[in-house]
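Asker: So here's start_1.tsv (TSV, C-alpha atoms).
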```tsv
chain	number	residue	atom	x	y	z
I	12	MET	CA	17.55	58.81	7.62
I	13	SER	CA	17.40	55.04	8.19
I	14	ALA	CA	18.91	53.62	11.36
I	15	GLY	CA	22.13	51.61	11.10
I	16	LEU	CA	22.38	47.92	11.84
I	17	SER	CA	23.37	46.86	15.34
I	18	ALA	CA	26.64	44.99	15.24
I	19	ALA	CA	25.83	43.00	18.38
I	20	ARG	CA	22.40	41.93	17.15
I	21	THR	CA	23.82	41.03	13.74
I	22	ARG	CA	26.50	38.82	15.30
I	23	ALA	CA	23.90	37.19	17.55
I	24	ALA	CA	21.60	36.51	14.59
I	25	LEU	CA	24.46	35.03	12.57
I	26	ARG	CA	25.56	32.82	15.49
I	27	THR	CA	22.01	31.61	15.99
I	28	SER	CA	21.60	30.91	12.27
I	29	ALA	CA	24.91	29.03	12.17
I	30	ARG	CA	23.98	26.96	15.23
I	31	VAL	CA	20.53	26.08	13.88
I	32	SER	CA	22.01	25.25	10.45
I	33	GLY	CA	24.60	22.98	12.04
I	34	GLU	CA	21.99	21.18	14.11
I	35	LEU	CA	19.74	20.70	11.07
I	36	LEU	CA	22.72	19.40	9.10
I	37	LEU	CA	23.49	16.87	11.84
I	38	ILE	CA	19.84	15.74	11.85
I	39	LEU	CA	19.88	15.33	8.06
I	40	VAL	CA	23.12	13.33	8.24
I	41	MET	CA	21.57	11.10	10.92
I	42	LEU	CA	18.49	10.55	8.75
I	43	ALA	CA	20.65	9.78	5.72
I	44	VAL	CA	22.68	7.22	7.70
I	45	THR	CA	19.48	5.67	9.07
I	46	LEU	CA	18.00	5.33	5.57
I	47	TRP	CA	21.26	3.86	4.29
I	48	VAL	CA	21.29	1.27	7.07
I	49	LEU	CA	17.64	0.41	6.36
I	50	GLY	CA	18.48	0.06	2.67
I	51	ARG	CA	21.28	-2.38	3.46
I	52	MET	CA	18.91	-4.35	5.71
I	53	TRP	CA	15.93	-4.16	3.34
I	54	SER	CA	15.76	-7.92	2.80
I	55	VAL	CA	14.94	-8.19	6.51
I	56	VAL	CA	13.02	-4.95	6.99
I	57	TRP	CA	10.53	-5.57	4.14
I	58	PRO	CA	9.25	-8.97	5.44
I	59	LEU	CA	9.09	-7.42	8.92
I	60	LEU	CA	6.87	-4.61	7.64
I	61	VAL	CA	4.67	-7.07	5.73
I	62	GLY	CA	4.34	-9.18	8.86
I	63	LEU	CA	3.35	-6.14	10.93
I	64	LEU	CA	0.73	-5.05	8.39
I	65	LEU	CA	-0.72	-8.56	8.23
I	66	THR	CA	-0.76	-8.73	12.02
I	67	THR	CA	-2.72	-5.48	12.30
I	68	LEU	CA	-5.27	-7.04	9.94
I	69	THR	CA	-5.62	-10.32	11.86
I	70	TRP	CA	-4.96	-9.22	15.45
I	71	PRO	CA	-8.65	-8.42	16.32
I	72	SER	CA	-9.56	-12.08	15.68
I	73	ALA	CA	-6.62	-13.37	17.73
I	74	ARG	CA	-7.43	-10.94	20.54
I	75	PHE	CA	-11.06	-12.13	20.57
I	76	LEU	CA	-9.96	-15.77	20.92
I	77	ARG	CA	-7.42	-14.97	23.63
I	78	ARG	CA	-10.02	-13.07	25.64
I	79	HIS	CA	-12.26	-16.15	25.52
I	80	GLY	CA	-9.65	-18.40	27.09
I	81	TRP	CA	-7.72	-19.68	24.09
I	82	ARG	CA	-4.00	-20.18	24.61
I	83	PRO	CA	-1.82	-17.72	22.62
I	84	ALA	CA	-0.21	-20.43	20.45
I	85	LEU	CA	-3.57	-22.02	19.60
I	86	ALA	CA	-5.22	-18.68	18.84
I	87	ALA	CA	-2.31	-17.62	16.61
I	88	THR	CA	-2.38	-20.96	14.78
I	89	VAL	CA	-6.13	-20.85	14.14
I	90	VAL	CA	-6.04	-17.24	12.94
I	91	THR	CA	-3.04	-17.89	10.68
I	92	VAL	CA	-4.65	-20.97	9.12
I	93	ALA	CA	-7.95	-19.10	8.68
I	94	PHE	CA	-6.08	-16.23	7.02
I	95	LEU	CA	-4.36	-18.60	4.59
I	96	LEU	CA	-7.68	-20.31	3.81
I	97	ILE	CA	-9.28	-16.93	3.09
I	98	VAL	CA	-6.41	-16.02	0.76
I	99	VAL	CA	-6.73	-19.36	-1.05
I	100	GLY	CA	-10.49	-18.86	-1.25
I	101	ILE	CA	-10.08	-15.41	-2.77
I	102	VAL	CA	-7.60	-16.71	-5.35
I	103	THR	CA	-9.96	-19.59	-6.16
I	104	LEU	CA	-12.93	-17.24	-6.44
I	105	ILE	CA	-10.99	-15.19	-9.00
I	106	ALA	CA	-9.13	-17.92	-10.87
I	107	VAL	CA	-11.74	-20.68	-11.25
I	108	PRO	CA	-14.46	-18.64	-13.02
I	109	MET	CA	-11.87	-17.01	-15.26
I	110	SER	CA	-10.25	-20.33	-16.16
I	111	SER	CA	-13.65	-21.86	-16.92
I	112	GLN	CA	-14.27	-19.10	-19.45
I	113	THR	CA	-10.77	-19.05	-20.91
I	114	GLY	CA	-11.98	-20.46	-24.24
I	115	GLU	CA	-14.72	-17.85	-24.58
I	116	LEU	CA	-12.33	-15.05	-23.62
I	117	THR	CA	-9.72	-16.26	-26.12
I	118	ASP	CA	-12.30	-16.41	-28.90
I	119	GLY	CA	-13.45	-12.94	-27.90
I	120	VAL	CA	-9.93	-11.56	-28.08
I	121	VAL	CA	-9.44	-13.03	-31.55
I	122	GLU	CA	-12.79	-11.64	-32.65
I	123	GLY	CA	-11.94	-8.24	-31.17
I	124	ILE	CA	-8.65	-8.15	-33.10
I	125	GLN	CA	-10.47	-9.05	-36.29
I	126	ARG	CA	-13.02	-6.29	-35.72
I	127	LEU	CA	-10.18	-3.85	-35.12
I	128	ARG	CA	-8.56	-4.85	-38.41
I	129	GLU	CA	-11.85	-4.44	-40.27
I	130	TRP	CA	-12.37	-1.04	-38.72
I	131	ALA	CA	-8.83	0.04	-39.59
I	132	ALA	CA	-9.35	-1.14	-43.21
I	133	GLY	CA	-12.32	1.20	-43.65
I	134	PRO	CA	-12.49	4.97	-43.74
I	135	PRO	CA	-10.98	7.19	-42.53
I	136	LEU	CA	-7.82	5.11	-41.91
I	137	ASN	CA	-8.06	2.83	-45.00
I	138	ILE	CA	-5.23	0.61	-43.74
I	139	GLY	CA	-4.96	-2.47	-45.91
I	140	ASP	CA	-3.89	-5.97	-44.96
I	141	ASP	CA	-0.51	-5.45	-46.65
I	142	GLU	CA	0.23	-2.44	-44.46
I	143	ILE	CA	-0.90	-4.30	-41.33
I	144	THR	CA	1.27	-7.29	-42.29
I	145	GLY	CA	4.24	-5.00	-42.91
I	146	ALA	CA	3.75	-3.33	-39.54
I	147	MET	CA	3.58	-6.72	-37.83
I	148	ASP	CA	6.75	-7.85	-39.61
I	149	SER	CA	8.52	-4.69	-38.46
I	150	ALA	CA	7.33	-5.27	-34.92
I	151	VAL	CA	8.58	-8.87	-35.01
I	152	ALA	CA	11.95	-7.71	-36.34
I	153	ARG	CA	12.25	-5.17	-33.52
I	154	LEU	CA	11.38	-7.84	-30.98
I	155	GLN	CA	14.06	-10.11	-32.42
I	156	ASP	CA	16.61	-7.30	-32.20
I	157	SER	CA	15.61	-6.72	-28.56
I	158	VAL	CA	15.79	-10.34	-27.42
I	159	GLY	CA	18.65	-9.60	-25.05
I	160	SER	CA	16.93	-6.74	-23.26
I	161	ILE	CA	13.62	-8.64	-23.18
I	162	THR	CA	15.35	-11.65	-21.64
I	163	THR	CA	16.94	-9.41	-19.03
I	164	ALA	CA	13.59	-7.79	-18.26
I	165	VAL	CA	11.89	-11.19	-17.97
I	166	ALA	CA	14.63	-12.46	-15.67
I	167	THR	CA	14.27	-9.34	-13.54
I	168	GLY	CA	10.52	-9.81	-13.40
I	169	VAL	CA	10.85	-13.47	-12.43
I	170	GLY	CA	13.34	-12.50	-9.73
I	171	ALA	CA	10.93	-9.87	-8.41
I	172	VAL	CA	8.11	-12.44	-8.30
I	173	VAL	CA	10.31	-14.95	-6.46
I	174	ASN	CA	11.43	-12.29	-3.98
I	175	GLY	CA	7.81	-11.30	-3.50
I	176	LEU	CA	6.81	-14.89	-2.73
I	177	ILE	CA	9.68	-15.26	-0.26
I	178	THR	CA	8.70	-11.99	1.39
I	179	ALA	CA	5.08	-13.13	1.62
I	180	VAL	CA	6.05	-16.46	3.21
I	181	LEU	CA	8.34	-14.76	5.73
I	182	GLY	CA	5.62	-12.19	6.43
I	183	VAL	CA	3.11	-14.95	7.25
I	184	PHE	CA	5.57	-16.68	9.59
I	185	LEU	CA	6.32	-13.37	11.32
I	186	MET	CA	2.58	-12.70	11.57
I	187	PHE	CA	2.17	-15.98	13.46
I	188	PHE	CA	4.89	-15.09	15.95
I	189	PHE	CA	3.55	-11.55	16.38
I	190	LEU	CA	0.06	-12.92	17.06
I	191	LYS	CA	1.48	-15.42	19.55
I	192	ASP	CA	4.02	-13.29	21.41
I	193	GLY	CA	3.07	-9.72	20.50
I	194	PRO	CA	1.57	-8.62	23.86
I	195	ARG	CA	4.78	-9.67	25.65
I	196	PHE	CA	6.97	-7.54	23.40
I	197	LEU	CA	6.42	-4.11	24.99
I	198	PRO	CA	7.08	-5.25	28.59
I	199	TRP	CA	10.20	-7.06	27.38
I	200	LEU	CA	11.31	-3.94	25.49
I	201	ALA	CA	10.77	-1.75	28.56
I	202	ARG	CA	13.04	-4.04	30.61
I	203	GLN	CA	15.82	-3.79	28.03
I	204	LEU	CA	15.94	0.01	27.83
I	205	PRO	CA	17.58	2.31	30.36
I	206	GLY	CA	16.09	5.32	32.14
I	207	ARG	CA	13.58	7.49	30.30
I	208	LEU	CA	13.68	5.30	27.18
I	209	ALA	CA	12.00	2.48	29.11
I	210	THR	CA	8.88	4.67	29.26
I	211	ASP	CA	9.05	6.66	26.03
I	212	VAL	CA	9.83	3.90	23.50
I	213	PRO	CA	7.01	1.51	24.55
I	214	VAL	CA	4.48	4.37	24.50
I	215	VAL	CA	5.53	5.44	21.00
I	216	ALA	CA	5.56	1.81	19.84
I	217	LEU	CA	2.01	1.25	21.15
I	218	ARG	CA	0.75	4.41	19.45
I	219	GLY	CA	2.50	3.38	16.22
I	220	TRP	CA	0.83	-0.03	16.38
I	221	GLU	CA	-2.59	1.57	16.73
I	222	THR	CA	-1.77	3.85	13.80
I	223	LEU	CA	-0.84	0.89	11.57
I	224	GLY	CA	-4.14	-0.75	12.48
I	225	SER	CA	-6.03	2.38	11.46
I	226	PHE	CA	-4.14	2.43	8.15
I	227	VAL	CA	-5.00	-1.18	7.29
I	228	ARG	CA	-8.66	-0.73	8.22
I	229	SER	CA	-8.97	2.47	6.22
I	230	GLN	CA	-7.28	0.87	3.21
I	231	ALA	CA	-9.70	-2.06	3.42
I	232	LEU	CA	-12.64	0.38	3.51
I	233	VAL	CA	-11.31	2.21	0.45
I	234	GLY	CA	-10.91	-1.11	-1.40
I	235	LEU	CA	-14.45	-2.10	-0.44
I	236	LEU	CA	-15.84	1.16	-1.84
I	237	ASP	CA	-13.90	0.62	-5.09
I	238	ALA	CA	-15.17	-2.96	-5.38
I	239	VAL	CA	-18.79	-1.96	-4.71
I	240	PHE	CA	-18.92	0.92	-7.20
I	241	ILE	CA	-16.98	-0.80	-9.98
I	242	GLY	CA	-18.84	-4.07	-9.41
I	243	LEU	CA	-22.17	-2.23	-9.55
I	244	GLY	CA	-21.19	-0.66	-12.88
I	245	LEU	CA	-20.14	-4.03	-14.30
I	246	TRP	CA	-23.41	-5.61	-13.12
I	247	ILE	CA	-25.51	-2.89	-14.75
I	248	LEU	CA	-23.65	-3.42	-18.03
I	249	ASP	CA	-24.11	-7.19	-17.71
I	250	VAL	CA	-20.37	-7.86	-17.91
I	251	PRO	CA	-19.53	-11.49	-17.01
I	252	LEU	CA	-17.42	-12.43	-13.98
I	253	VAL	CA	-18.72	-9.51	-11.92
I	254	LEU	CA	-18.00	-11.09	-8.51
I	255	PRO	CA	-14.41	-12.20	-9.33
I	256	LEU	CA	-13.68	-8.76	-10.79
I	257	ALA	CA	-15.09	-7.05	-7.69
I	258	VAL	CA	-12.97	-9.27	-5.43
I	259	LEU	CA	-9.91	-8.58	-7.58
I	260	THR	CA	-10.58	-4.84	-7.29
I	261	PHE	CA	-10.81	-5.09	-3.49
I	262	VAL	CA	-7.58	-7.09	-3.17
I	263	SER	CA	-5.67	-4.88	-5.61
I	264	ALA	CA	-6.55	-1.79	-3.55
I	265	PHE	CA	-3.80	-2.82	-1.10
I	266	VAL	CA	-1.18	-2.44	-3.88
I	267	PRO	CA	-0.97	1.22	-4.95
I	268	ILE	CA	-0.98	2.25	-8.61
I	269	VAL	CA	-0.15	-1.15	-10.13
I	270	GLY	CA	-3.03	-2.91	-8.38
I	271	ALA	CA	-5.60	-0.44	-9.68
I	272	LEU	CA	-4.12	-0.53	-13.20
I	273	PHE	CA	-4.10	-4.33	-13.28
I	274	ALA	CA	-7.68	-4.72	-11.98
I	275	GLY	CA	-8.92	-2.03	-14.38
I	276	PHE	CA	-7.15	-3.61	-17.36
I	277	VAL	CA	-8.69	-7.02	-16.63
I	278	ALA	CA	-12.19	-5.52	-16.27
I	279	VAL	CA	-11.91	-3.52	-19.51
I	280	LEU	CA	-10.51	-6.53	-21.41
I	281	ILE	CA	-13.34	-8.80	-20.30
I	282	ALA	CA	-15.92	-6.13	-21.17
I	283	LEU	CA	-14.31	-5.71	-24.60
I	284	VAL	CA	-14.29	-9.37	-25.54
I	285	SER	CA	-17.74	-10.13	-24.13
I	286	ASN	CA	-19.83	-6.98	-24.63
I	287	GLY	CA	-18.04	-5.04	-27.33
I	288	LEU	CA	-16.15	-1.78	-27.68
I	289	MET	CA	-18.89	0.57	-26.42
I	290	ASP	CA	-19.37	-1.26	-23.11
I	291	ALA	CA	-15.60	-1.52	-22.71
I	292	LEU	CA	-15.29	2.26	-23.05
I	293	ILE	CA	-18.09	2.72	-20.50
I	294	VAL	CA	-16.31	0.35	-18.09
I	295	LEU	CA	-13.08	2.29	-18.63
I	296	ALA	CA	-14.90	5.54	-17.85
I	297	ILE	CA	-16.42	4.02	-14.68
I	298	ILE	CA	-13.01	2.79	-13.50
I	299	VAL	CA	-11.35	6.16	-14.19
I	300	VAL	CA	-14.09	8.03	-12.29
I	301	VAL	CA	-13.97	5.65	-9.31
I	302	GLN	CA	-10.15	5.73	-9.20
I	303	GLN	CA	-10.19	9.53	-9.28
I	304	LEU	CA	-12.73	9.57	-6.46
I	305	GLU	CA	-10.57	7.10	-4.54
I	306	GLY	CA	-7.35	9.05	-4.97
I	307	ASN	CA	-8.80	12.51	-4.38
I	308	VAL	CA	-11.78	11.92	-2.07
I	309	PHE	CA	-12.16	8.46	-0.50
I	310	GLN	CA	-8.59	7.68	0.45
I	311	PRO	CA	-7.50	11.11	1.74
I	312	VAL	CA	-10.72	11.68	3.72
I	313	ILE	CA	-10.96	8.18	5.24
I	314	GLN	CA	-7.26	7.91	6.02
I	315	SER	CA	-7.07	11.46	7.36
I	316	ARG	CA	-9.77	10.61	9.90
I	317	GLY	CA	-8.26	7.28	10.88
I	318	LEU	CA	-4.62	8.41	10.97
I	319	GLY	CA	-5.02	11.97	12.18
I	320	LEU	CA	-3.36	13.39	9.06
I	321	HIS	CA	-4.70	16.09	6.78
I	322	ALA	CA	-5.85	14.88	3.37
I	323	ALA	CA	-3.28	17.13	1.65
I	324	VAL	CA	-0.49	15.56	3.73
I	325	ILE	CA	-1.57	12.09	2.57
I	326	LEU	CA	-1.62	13.14	-1.09
I	327	LEU	CA	1.85	14.71	-0.79
I	328	ALA	CA	3.19	11.66	1.07
I	329	VAL	CA	1.99	9.25	-1.62
I	330	THR	CA	3.43	11.47	-4.36
I	331	LEU	CA	6.80	11.78	-2.60
I	332	GLY	CA	6.98	8.07	-1.76
I	333	GLY	CA	6.19	7.08	-5.34
I	334	SER	CA	8.81	9.45	-6.76
I	335	LEU	CA	11.49	8.20	-4.36
I	336	SER	CA	10.86	4.45	-4.22
I	337	GLY	CA	8.20	3.59	-6.79
I	338	ILE	CA	5.44	1.17	-5.81
I	339	VAL	CA	6.99	0.26	-2.46
I	340	GLY	CA	7.34	3.94	-1.64
I	341	SER	CA	3.69	4.56	-2.49
I	342	LEU	CA	2.64	1.61	-0.32
I	343	LEU	CA	4.67	2.70	2.70
I	344	ALA	CA	4.32	6.47	2.35
I	345	VAL	CA	1.06	6.89	4.27
I	346	PRO	CA	1.85	4.61	7.25
I	347	LEU	CA	5.37	6.06	7.45
I	348	ALA	CA	3.99	9.62	7.47
I	349	ALA	CA	1.53	8.58	10.18
I	350	LEU	CA	4.32	7.04	12.27
I	351	ILE	CA	6.40	10.20	11.90
I	352	ALA	CA	3.36	12.18	13.08
I	353	VAL	CA	3.06	9.86	16.09
I	354	VAL	CA	6.68	10.46	17.09
I	355	TRP	CA	6.37	14.20	16.49
I	356	ASN	CA	3.21	14.51	18.57
I	357	TYR	CA	4.77	12.56	21.43
I	358	VAL	CA	7.89	14.74	21.38
I	359	ARG	CA	5.67	17.85	21.42
I	360	GLU	CA	3.79	16.48	24.42
I	361	GLN	CA	7.02	15.93	26.31
I	362	LEU	CA	8.44	19.36	25.42
I	363	ALA	CA	5.23	21.32	26.00
I	364	GLU	CA	4.98	23.72	28.91
I	365	PRO	CA	2.71	22.43	31.69
I	366	SER	CA	-0.67	24.15	31.76
I	367	GLU	CA	-1.66	26.41	34.64
I	368	GLY	CA	-4.28	23.92	35.82
I	369	ALA	CA	-1.73	21.12	35.94
I	370	ALA	CA	0.76	23.36	37.72
I	371	THR	CA	-1.87	24.34	40.31
I	372	ALA	CA	-2.82	20.68	40.82
I	373	ASP	CA	0.82	19.74	41.31
I	374	GLY	CA	1.25	22.60	43.75
```
Represent the structure from my file as C-alpha cells, please.
Answerer:
Amino acid sequence: MSAGLSAARTRAALRTSARVSGELLLILVMLAVTLWVLGRMWSVVWPLLVGLLLTTLTWPSARFLRRHGWRPALAATVVTVAFLLIVVGIVTLIAVPMSSQTGELTDGVVEGIQRLREWAAGPPLNIGDDEITGAMDSAVARLQDSVGSITTAVATGVGAVVNGLITAVLGVFLMFFFLKDGPRFLPWLARQLPGRLATDVPVVALRGWETLGSFVRSQALVGLLDAVFIGLGLWILDVPLVLPLAVLTFVSAFVPIVGALFAGFVAVLIALVSNGLMDALIVLAIIVVVQQLEGNVFQPVIQSRGLGLHAAVILLAVTLGGSLSGIVGSLLAVPLAALIAVVWNYVREQLAEPSEGAATADG
C-alpha cells in the first residue's frame, strides 16, 4: 500500500513554489521594463554601442601612444584621424577598381542576359522571344501597380541609410571622447555610487569592456579567415578584382547575415559577367562552403575561446537575436550574451561559499 502525502510537506512545497514563481515574475517584469526603456532610448543607445565597439577596436593604438608620453587628447585625435583614413582607404580600394571596370561589367551583364535568353530559347525550355516579352510586360505592369508600396519601401530604405550615417558619425565622435577620457570613467563612476556598488559596478564594467574587446578581435579574425579563403578561391579561378572583393568580404563580416549575402552576391556577379556561368557557380559553391564553415566552425570556436562562452550558446544567441530584432539583434546577440555571462559569473563569485583554504587563511 502506497504511503499518503504529507500535508505539511505539500504546503511547504506549494509555498516555496509560489514564492519562487513570484520572484521570477518580478525579475521578468523588471527585464521587460528595462528593455522597454532601452527601446524608447534606442536613438541614443545605438550610437553609444557603436562608439564602444569602435573604441575597443582602436583603444590598443591609443593606449600605446599614451604609454609613450602622448597627451590623451592628442593620442585620441591621431587615432581617430588614422581610423577615418583607414576607412576611406578601404572604401577607395573597393570603389575605384570597380568603377574603373564599370563599362566592362555592364557589357558583361548585358551579354549574360543575352546568353540566358538564348539558353531559355533552346531545349528543354523552348521559351520564345514572344513569351519572354510577354513576361517582361507582365512584370512591368505589376511594378506599375506597386508604385506606391515601392515608393514607401524606397523611402524607408533611404531613411534607414540616413539613420545609419548619423549613427556612424555619432559613434565616431563618441569613440574620440572614449579614447580621450575613458580611463577616467571608472574612478569617476566609483565616486558616484554608494556603498557596495562603488566596488561591484566598476569591476563588472571593466570585465565587460575586456569582453567587448575580445568580441571585436574575434570577429576581425573570422572576417580575415573569410577574406583569405574566398579571395584564394577567386584568385585560383582568375576572377578580376580579387583584392577589392577580399577586402569587401572582410569588412562585411562585421555585419551579420546581410554583409555576407552582399559580399557573396557581388563576387558571384563579377565572376558571372567576367568568367561565365561555370566559374560563377564554382564561386557560389566556395562562398557557401566558407560561410557554413564560418557559421558552424570558425565563429563559434574562436568566439567561444575569446568570450568564455560555449559554441552552442553562441549559435543559440545569434539565432534568438536574429528572430527578435533582425540584423541588429544578430549583431548584438553575441556581445550581449557575453556581458550577461560576465554579470552572472561575478554574482556567482560574490554568492559563493568561501573555500576551506580561504577560511583557514582568514582565521
Asker: Could you state the separation of atom CA of I:Phe273 and atom CA of I:Thr260 in Å, given to one decimal place?
Answerer: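 Here the two named atoms are 8.8 Å from each other.
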Asker: Within 12 Å of I:Val92, counting all atoms listed in the file, which residues show up once you throw out same-chain ones fewer than 5 positions away? Write them as a PyMOL selection string, please.
Answerer: chain I and resi 69+73+85-87+97-99+183-184+186-187
Asker: Excluding I:Gly242 and residues on its chain fewer than 4 positions from it, collect all residues at most 8 Å away from it, counting only C-alpha atoms, and give them as a list in words.
Answerer: Ala238, Trp246, Val253, Leu254, Leu256 and Ala257 of chain I
Asker: Set the distance at 9 Å and use all atoms listed in the file: which residues neighbour I:Ile298 once local chain neighbours fewer than 6 positions away are removed? I'd like the list as a list in words.
Answerer: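 Non-adjacent residues within range: Asp237, Phe240, Ile241, Gly244, Ala271, Gly275, Ala278 and Val279 of chain I.
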Asker: Please, what is the axis-aligned box for every listed atom of stretch 27-38 of chain I with 8 Å on each side, as centre and edge lengths in Å to one decimal, as JSON?
Answerer:
```
{"center_x": 22.3, "center_y": 23.7, "center_z": 12.5, "size_x": 21.2, "size_y": 31.9, "size_z": 22.9}
```
Asker: Would you compute the distance between atom CA of I:Ile101 and atom CA of I:Val258? Give it in Å to one decimal.
Answerer: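 Here the two named atoms are 7.3 Å from each other.
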Asker: Write out as CSV a residue-level contact list of stretch 14-65 of chain I versus stretch 331-355 of chain I with cut-off 12 Å: for each qualifying residue the closest pair of atoms and the distance in Å to one decimal, counting all atoms listed in the file, rows sorted by chain and residue number upward.
Answerer:
```
residue,atom,partner,partner_atom,distance
I:Gly50,CA,I:Ser336,CA,11.2
I:Trp53,CA,I:Val339,CA,11.5
I:Trp57,CA,I:Val339,CA,9.5
I:Leu60,CA,I:Leu343,CA,9.1
I:Val61,CA,I:Leu343,CA,10.2
I:Leu63,CA,I:Pro346,CA,11.5
I:Leu64,CA,I:Pro346,CA,9.8
```
Asker: What is the atom CA of I:Met52 to atom CA of I:Thr178 distance in Å?
Answerer: 13.5 Å
Asker: Taking into account all atoms listed in the file, which residue in the set I:Leu65, I:Leu259, I:Leu25, I:Leu95 is nearest to I:Leu185?
Answerer: I:Leu65
Asker: Select, from I:Met289, I:Leu245, I:Leu280, I:Val312, the residue with the minimum atom-to-atom distance to I:Leu326, counting all atoms listed in the file.
Answerer: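 Checking each candidate against I:Leu326, we get I:Val312 as the closest.
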Asker: Which residues come within 12 Å of stretch 211-221 of chain I, counting only C-alpha atoms, excluding same-chain residues fewer than 4 positions away, as an mmCIF file with C-alpha atoms, in the coordinates of the input?
Answerer:
```cif
data_model
loop_
_atom_site.group_PDB
_atom_site.id
_atom_site.type_symbol
_atom_site.label_atom_id
_atom_site.label_comp_id
_atom_site.auth_asym_id
_atom_site.auth_seq_id
_atom_site.Cartn_x
_atom_site.Cartn_y
_atom_site.Cartn_z
ATOM 1 C CA LEU I 60 6.870 -4.610 7.640
ATOM 2 C CA LEU I 63 3.350 -6.140 10.930
ATOM 3 C CA LEU I 64 0.730 -5.050 8.390
ATOM 4 C CA LEU I 65 -0.720 -8.560 8.230
ATOM 5 C CA THR I 66 -0.760 -8.730 12.020
ATOM 6 C CA THR I 67 -2.720 -5.480 12.300
ATOM 7 C CA LEU I 68 -5.270 -7.040 9.940
ATOM 8 C CA TRP I 70 -4.960 -9.220 15.450
ATOM 9 C CA PRO I 71 -8.650 -8.420 16.320
ATOM 10 C CA PHE I 189 3.550 -11.550 16.380
ATOM 11 C CA GLY I 193 3.070 -9.720 20.500
ATOM 12 C CA PRO I 194 1.570 -8.620 23.860
ATOM 13 C CA ARG I 195 4.780 -9.670 25.650
ATOM 14 C CA PHE I 196 6.970 -7.540 23.400
ATOM 15 C CA LEU I 197 6.420 -4.110 24.990
ATOM 16 C CA PRO I 198 7.080 -5.250 28.590
ATOM 17 C CA TRP I 199 10.200 -7.060 27.380
ATOM 18 C CA LEU I 200 11.310 -3.940 25.490
ATOM 19 C CA ALA I 201 10.770 -1.750 28.560
ATOM 20 C CA ARG I 202 13.040 -4.040 30.610
ATOM 21 C CA GLN I 203 15.820 -3.790 28.030
ATOM 22 C CA LEU I 204 15.940 0.010 27.830
ATOM 23 C CA PRO I 205 17.580 2.310 30.360
ATOM 24 C CA GLY I 206 16.090 5.320 32.140
ATOM 25 C CA ARG I 207 13.580 7.490 30.300
ATOM 26 C CA SER I 225 -6.030 2.380 11.460
ATOM 27 C CA PHE I 226 -4.140 2.430 8.150
ATOM 28 C CA VAL I 227 -5.000 -1.180 7.290
ATOM 29 C CA ARG I 228 -8.660 -0.730 8.220
ATOM 30 C CA GLY I 317 -8.260 7.280 10.880
ATOM 31 C CA LEU I 318 -4.620 8.410 10.970
ATOM 32 C CA GLY I 319 -5.020 11.970 12.180
ATOM 33 C CA PRO I 346 1.850 4.610 7.250
ATOM 34 C CA LEU I 347 5.370 6.060 7.450
ATOM 35 C CA ALA I 348 3.990 9.620 7.470
ATOM 36 C CA ALA I 349 1.530 8.580 10.180
ATOM 37 C CA LEU I 350 4.320 7.040 12.270
ATOM 38 C CA ILE I 351 6.400 10.200 11.900
ATOM 39 C CA ALA I 352 3.360 12.180 13.080
ATOM 40 C CA VAL I 353 3.060 9.860 16.090
ATOM 41 C CA VAL I 354 6.680 10.460 17.090
ATOM 42 C CA TRP I 355 6.370 14.200 16.490
ATOM 43 C CA ASN I 356 3.210 14.510 18.570
ATOM 44 C CA TYR I 357 4.770 12.560 21.430
ATOM 45 C CA VAL I 358 7.890 14.740 21.380
ATOM 46 C CA GLU I 360 3.790 16.480 24.420
ATOM 47 C CA GLN I 361 7.020 15.930 26.310
#
```
Asker: Which of these residues is nearest to I:Val262, using all atoms listed in the file: I:Leu104, I:Leu362, I:Leu243, I:Leu208?
Answerer: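 Among the listed residues, the smallest separation from I:Val262 belongs to I:Leu104.
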Asker: Some atoms are missing, so please complete stretch 217-227 of chain I with N, CA and C atoms and return it as a compact mmCIF listing (two decimals), in the frame of the given file.
Answerer:
```txt
# COMPACT_ATOMS: atom_id res chain seq x y z
N LEU I 217 3.43 1.58 21.04
CA LEU I 217 2.01 1.25 21.15
C LEU I 217 1.17 2.18 20.28
N ARG I 218 1.48 3.47 20.29
CA ARG I 218 0.75 4.41 19.45
C ARG I 218 0.99 4.11 17.96
N GLY I 219 2.21 3.74 17.61
CA GLY I 219 2.50 3.38 16.22
C GLY I 219 1.73 2.15 15.79
N TRP I 220 1.61 1.17 16.69
CA TRP I 220 0.83 -0.03 16.38
C TRP I 220 -0.63 0.32 16.11
N GLU I 221 -1.20 1.16 16.94
CA GLU I 221 -2.59 1.57 16.73
C GLU I 221 -2.74 2.33 15.42
N THR I 222 -1.72 3.11 15.06
CA THR I 222 -1.77 3.85 13.80
C THR I 222 -1.73 2.90 12.60
N LEU I 223 -0.89 1.87 12.66
CA LEU I 223 -0.84 0.89 11.57
C LEU I 223 -2.18 0.17 11.43
N GLY I 224 -2.82 -0.13 12.56
CA GLY I 224 -4.14 -0.75 12.48
C GLY I 224 -5.16 0.15 11.81
N SER I 225 -5.12 1.44 12.11
CA SER I 225 -6.03 2.38 11.46
C SER I 225 -5.76 2.46 9.97
N PHE I 226 -4.48 2.38 9.57
CA PHE I 226 -4.14 2.43 8.15
C PHE I 226 -4.70 1.23 7.41
N VAL I 227 -4.52 0.03 7.96
CA VAL I 227 -5.00 -1.18 7.29
C VAL I 227 -6.52 -1.16 7.19
```
